[in-house]
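Below: the structure, in structure tokens.
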Amino acid sequence: MKILMISSNRDMHPWPIPPVGACYVASSLERAGFDVQLLDILFTENPSSVITEKISIFMPDMVAVSIRNIDNLDLQYSHFYLDDVKENVIYPVKRATSAPLVIGGAAVSIMPERIMDFLGVDYAVCGEGEETMIQFARHLQSNSDISSIGGLIYRNDGRVIGNPVERIEDLDRLALPRIYSWVDWKKYSLNYAPYPVQTKRGCALTCSYCVYNKIEGQQYRLRDPEKVVDEIEANIENCKPQVIEFTDSTFNIPLEHAMEICREIIKRKIIVSFNTMGINPGAVTEELVALMKEANFMEVSCTPESGSERMLKALGKNFALKDVERAARFLGRAGIPVIWYFLFGGPGENETTVRETFSFIEENIAKRDLVFITSGIRVLPGSPVYTYAREIGQLSGSTDVLKPIWFQPEDISMKTMLYMINREVITHSNYINLQDNTDKSVLARTLKRVYSFLGLKEPIWNNVMRRDLIYKLTGYNRYRLWKLEAEYREYSS
């Protein structure tokens with residue numbers, strides 16, 4: 001049986017993200033004996049024609065489309081990705097073949113039935129796809145019972161039926177994703193992409209805006225640290241990545257697991273740089289930071305989300321401001337560059353809490369670090385914010401939240417909140433928002449390639465601050481501030 005997998009992501013900012021989930025599924029299907037090909041359209045100018053040609057040559061018996069994001073989760077610069085997926089992926093597949101079409105990926109796990117309806121498909125995978133896809137492929141071969149395939153969503157006599165999601169408990173028995181075998185890694189490397197490695201799945205935290213545990217579950221399922229580093233060594237041998245990124249939602253929870261991975265890297269004298277997404281401030285210790293420094297972490301991302309004690313509680317965080325201060329102190333002493341993520345617009349946000357957050361940043365975050373600001377809380381089903389928005393009447397039971405709907409704080413207007421955010425971004429060289437992060441200029445593309453070619457060992461986002469210095473010297477920042485003030489005065493009057 002021939003299976004064509006298509007990675008539908010086409011967003012390359014701030015750098016291209018390799019489709020690690022789709023690669024896990026492709027490797028699992030291949031190990032189970034299926035003839036698998038993975039089409040990555042990230043660098044494709046005309047995906048429709050590429051998909052059509054691929055299907056005409058390969059003639060698959062099944063097509064599986066992986067969908068990474070519904071939208072970009074930012075109020076100011078909102079972009080809905082599923083229109084592009086429908087027009088440039090789903091429609092071309094349907095025109096080119098009558099083979100069964102199934103969708104999956106992180107986006108699908110959040111709203112499987114609604115996305116099935118929007119895209120007009122009959123099958124979807126909710127949760128992890130490795131075992132579900134093997135069982136579904138075998139069903140297509142033998143016409144076996146479909147009702148026992150965990151995580152499969154399907155249509156039957158006009159009804160959508162969802163089988164219960166089943167989590168994979170032993171992640172170490174999965175086939176490794178071997179990303180370098182499925183995609184053109186040179187293209188990713190040329191654009192300074194880090195090589196992704198997953199050390200665990202699941203998240204036991206209860207952040208009020210987040211639905212990550214709908215994707216991977218609420219229980220941590222940990223990979224053996226030795227096997228994680230085995231994978232790292234295999235990746236280095238096969239494609240020589242400059243940077244390896246741990247893609248867990250929170251790398252340092254459980255804390256001991258993260259430290260064991262660092263110790264194993266140090267023990268084997270791994271010669272590569274590391275970074276990680278999602279350091280939780282509540283689990284940053286001096287010992288962890290020292291191990292990360294010795295293991296050659298060139299940068300980390302830390303996610304306090306707010307500098308207001310009130311907002312930390314409203315966002316369901318498991319830490320207080322003193323924990324964020326301690327994390328900043330430990331990381332600063334170690335000299336590890338940090339991207340700090342802050343999120344505005346949750347329940348209880350007002351002018352005071354916005355000012356508190358910016359005051360906290362000013363007092364505690366080093367000027368050499370990057371402050372990344374996201375505007376607005378995207379309301380997603382299954383999140384506590386979604387439930388609260390319905391309780392206070394912002395949403396009804398029939399409100400369609402597939403396309404972005406934003407939580408509206410009761411004590412501050414969106415216009416005022418965005419004015420306060422943008423003023424700080426313009427006047428601080430180390431603050432950016434999503435617009436800065438999606439710079440498509442020739443300069444931005446060139447910088448990524450220069451970094452990759454020279455193998456520079458510093459975060460590429462340092463150039464955001466250098467660019468802002470140019471803005472300041474040329475007077476462009478004064479123009480941006482004047483324009484912002486004029487727009488807000490017009491709104492206020």
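For the structure tokens, the naming scheme is as follows: chains receive sequential letters (A, B, ...) according to their order of presentation, residues are indexed from 1 within each chain, and ligands are indexed from 1 in presentation order.
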| Which polymer residues have any atom within 12 Å of an atom of Ile57 in chain A, counting only C-alpha atoms, with same-chain residues fewer than 6 positions away left out, as a PyMOL selection string? | chain A and resi 2+4+37+50-51+96-97
Could you dump the residues just selected with C-alpha atoms as a compact mmCIF listing (two decimals), in the first residue's frame?
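The result, written out as part_14.txt:
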# COMPACT_ATOMS: atom_id res chain seq x y z
CA LYS A 2 1.33 3.44 -0.99
CA LEU A 4 1.53 10.00 0.51
CA GLN A 37 6.59 9.32 0.75
CA VAL A 50 3.67 20.14 -7.04
CA ILE A 51 0.99 18.11 -5.26
CA ALA A 96 -5.84 14.62 -8.45
CA THR A 97 -7.01 11.42 -6.74
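Shortest atom-to-atom contact with Glu128 in chain A among A:Val25, A:Ala193, A:Ser181, A:Ile103: A:Val25, counting only C-alpha atoms.
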| task | Find the spatial neighbours of Val338 in chain A, counting only C-alpha atoms, within a cut-off of 8 Å - ignore same-chain residues fewer than 5 positions away - and output them as number ranges by chain. | result | A: 299-302, 331, 369-370
For the selection just defined, write its residues with C-alpha atoms to a file, as a compact mmCIF listing (two decimals), in the first residue's frame.
# COMPACT_ATOMS: atom_id res chain seq x y z
CA GLU A 299 19.78 30.37 24.04
CA VAL A 300 16.52 29.49 25.75
CA SER A 301 12.94 30.72 25.58
CA CYS A 302 11.24 31.49 28.89
CA LEU A 331 20.10 32.77 33.47
CA ASP A 369 17.71 39.57 26.05
CA LEU A 370 14.74 39.67 23.67
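Across the structure, CA of Lys200 in chain A and CA of Tyr220 in chain A are spaced 6.8 Å apart.
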| message | Residues near range 75-85 of chain A, anyone? I mean within 10 Å using only C-alpha atoms, not counting same-chain ones fewer than 2 positions away, as JSON, numbers by chain. | response | {"A": [8, 9, 10, 11, 47, 65, 66, 67, 68, 69, 70, 71, 72, 73, 87, 88, 89, 90, 91, 107, 115, 118, 119, 345, 374, 375, 376, 377, 378, 402, 403, 404, 405, 406, 407, 414, 418, 433, 434, 435, 438]}
Save out the residues we just selected, N, CA and C atoms, as a compact mmCIF listing (two decimals), in the first residue's frame.
# COMPACT_ATOMS: atom_id res chain seq x y z
N SER A 8 1.63 20.48 5.34
CA SER A 8 0.98 21.64 4.71
C SER A 8 1.50 22.99 5.20
N ASN A 9 2.36 23.00 6.22
CA ASN A 9 2.84 24.28 6.77
C ASN A 9 3.64 25.05 5.73
N ARG A 10 3.32 26.36 5.57
CA ARG A 10 4.08 27.21 4.64
C ARG A 10 4.59 28.48 5.32
N ASP A 11 4.50 28.53 6.64
CA ASP A 11 4.96 29.70 7.40
C ASP A 11 6.44 29.51 7.75
N PRO A 47 2.35 25.15 -4.58
CA PRO A 47 2.10 23.83 -4.00
C PRO A 47 1.07 23.01 -4.77
N VAL A 65 -2.71 14.51 5.24
CA VAL A 65 -2.26 15.90 5.28
C VAL A 65 -2.06 16.31 6.74
N SER A 66 -0.85 16.76 7.05
CA SER A 66 -0.53 17.23 8.40
C SER A 66 -0.71 18.75 8.47
N ILE A 67 -1.46 19.22 9.48
CA ILE A 67 -1.76 20.64 9.63
C ILE A 67 -1.23 21.11 10.98
N ARG A 68 -0.31 22.04 10.95
CA ARG A 68 0.39 22.45 12.17
C ARG A 68 -0.39 23.46 12.99
N ASN A 69 -0.91 24.53 12.34
CA ASN A 69 -1.57 25.61 13.07
C ASN A 69 -2.89 26.00 12.40
N ILE A 70 -3.85 26.43 13.23
CA ILE A 70 -5.09 27.00 12.70
C ILE A 70 -4.84 28.44 12.29
N ASP A 71 -4.19 29.20 13.16
CA ASP A 71 -3.85 30.60 12.90
C ASP A 71 -2.62 30.94 13.72
N ASN A 72 -2.20 32.20 13.67
CA ASN A 72 -0.92 32.56 14.32
C ASN A 72 -1.09 33.12 15.74
N LEU A 73 -2.31 33.12 16.27
CA LEU A 73 -2.57 33.43 17.68
C LEU A 73 -2.18 34.85 18.09
N GLU A 87 -7.27 25.73 -0.05
CA GLU A 87 -7.13 26.11 -1.46
C GLU A 87 -5.93 25.44 -2.12
N ASN A 88 -4.81 25.36 -1.40
CA ASN A 88 -3.56 24.94 -2.03
C ASN A 88 -3.13 23.51 -1.70
N VAL A 89 -3.87 22.84 -0.82
CA VAL A 89 -3.52 21.46 -0.49
C VAL A 89 -4.72 20.52 -0.67
N ILE A 90 -5.80 20.78 0.06
CA ILE A 90 -6.93 19.85 0.05
C ILE A 90 -7.58 19.79 -1.34
N TYR A 91 -7.90 20.92 -1.92
CA TYR A 91 -8.54 20.93 -3.24
C TYR A 91 -7.67 20.24 -4.30
N ALA A 107 -3.10 21.15 14.89
CA ALA A 107 -4.29 21.97 14.68
C ALA A 107 -5.55 21.13 14.71
N ILE A 115 -12.79 21.35 11.82
CA ILE A 115 -11.82 21.44 10.73
C ILE A 115 -12.18 20.45 9.62
N PHE A 118 -14.82 22.24 7.68
CA PHE A 118 -14.28 23.38 6.93
C PHE A 118 -13.53 22.91 5.68
N LEU A 119 -12.77 21.82 5.82
CA LEU A 119 -11.95 21.34 4.71
C LEU A 119 -12.70 20.34 3.83
N GLY A 345 -3.89 40.54 27.48
CA GLY A 345 -5.29 40.48 27.08
C GLY A 345 -6.12 39.43 27.78
N THR A 374 3.07 39.04 22.58
CA THR A 374 1.90 38.60 21.84
C THR A 374 0.68 39.37 22.33
N SER A 375 -0.13 39.83 21.39
CA SER A 375 -1.30 40.65 21.72
C SER A 375 -2.57 39.81 21.62
N GLY A 376 -3.31 39.76 22.72
CA GLY A 376 -4.61 39.12 22.69
C GLY A 376 -4.58 37.65 23.06
N ILE A 377 -5.69 37.20 23.67
CA ILE A 377 -5.88 35.79 24.02
C ILE A 377 -6.86 35.18 23.02
N ARG A 378 -6.37 34.28 22.21
CA ARG A 378 -7.21 33.57 21.25
C ARG A 378 -8.09 32.59 22.02
N LEU A 402 -13.66 28.75 15.00
CA LEU A 402 -12.62 28.25 14.11
C LEU A 402 -11.74 29.40 13.64
N LYS A 403 -12.37 30.46 13.14
CA LYS A 403 -11.60 31.65 12.81
C LYS A 403 -11.42 32.47 14.08
N PRO A 404 -10.30 33.20 14.20
CA PRO A 404 -9.92 33.79 15.49
C PRO A 404 -10.97 34.70 16.10
N ILE A 405 -11.28 34.41 17.36
CA ILE A 405 -12.07 35.28 18.22
C ILE A 405 -11.22 35.53 19.46
N TRP A 406 -11.20 36.80 19.91
CA TRP A 406 -10.28 37.20 20.97
C TRP A 406 -11.04 37.53 22.24
N PHE A 407 -10.50 37.08 23.34
CA PHE A 407 -11.09 37.44 24.63
C PHE A 407 -11.00 38.96 24.83
N MET A 414 -9.38 47.10 23.63
CA MET A 414 -8.31 46.54 22.82
C MET A 414 -7.43 47.65 22.24
N LEU A 418 -3.45 47.85 22.86
CA LEU A 418 -2.50 47.78 21.75
C LEU A 418 -1.65 49.04 21.66
N ASN A 433 7.21 42.46 18.54
CA ASN A 433 5.92 41.79 18.47
C ASN A 433 5.88 40.97 17.19
N LEU A 434 4.74 40.42 16.86
CA LEU A 434 4.69 39.48 15.75
C LEU A 434 5.05 40.12 14.42
N GLN A 435 4.73 41.37 14.23
CA GLN A 435 5.06 42.04 12.98
C GLN A 435 6.58 42.02 12.75
N THR A 438 7.85 38.53 11.68
CA THR A 438 7.49 38.00 10.37
C THR A 438 8.08 38.85 9.25
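Here the residues within range 7-147 of chain A that DSSP labels strand (DSSP E or B) on the basis of the backbone are A:Ser7, A:Asp35, A:Val36, A:Gln37, A:Leu38, A:Leu39, A:Asp40, A:Met62, A:Val63, A:Ala64, A:Val65, A:Ser66, A:Asp71, A:Phe80, A:Leu101, A:Val102, A:Ile103, A:Gly104, A:Tyr123, A:Ala124, A:Val125.
CA of Ala366 in chain A sits 10.6 Å away from CA of Arg333 in chain A.
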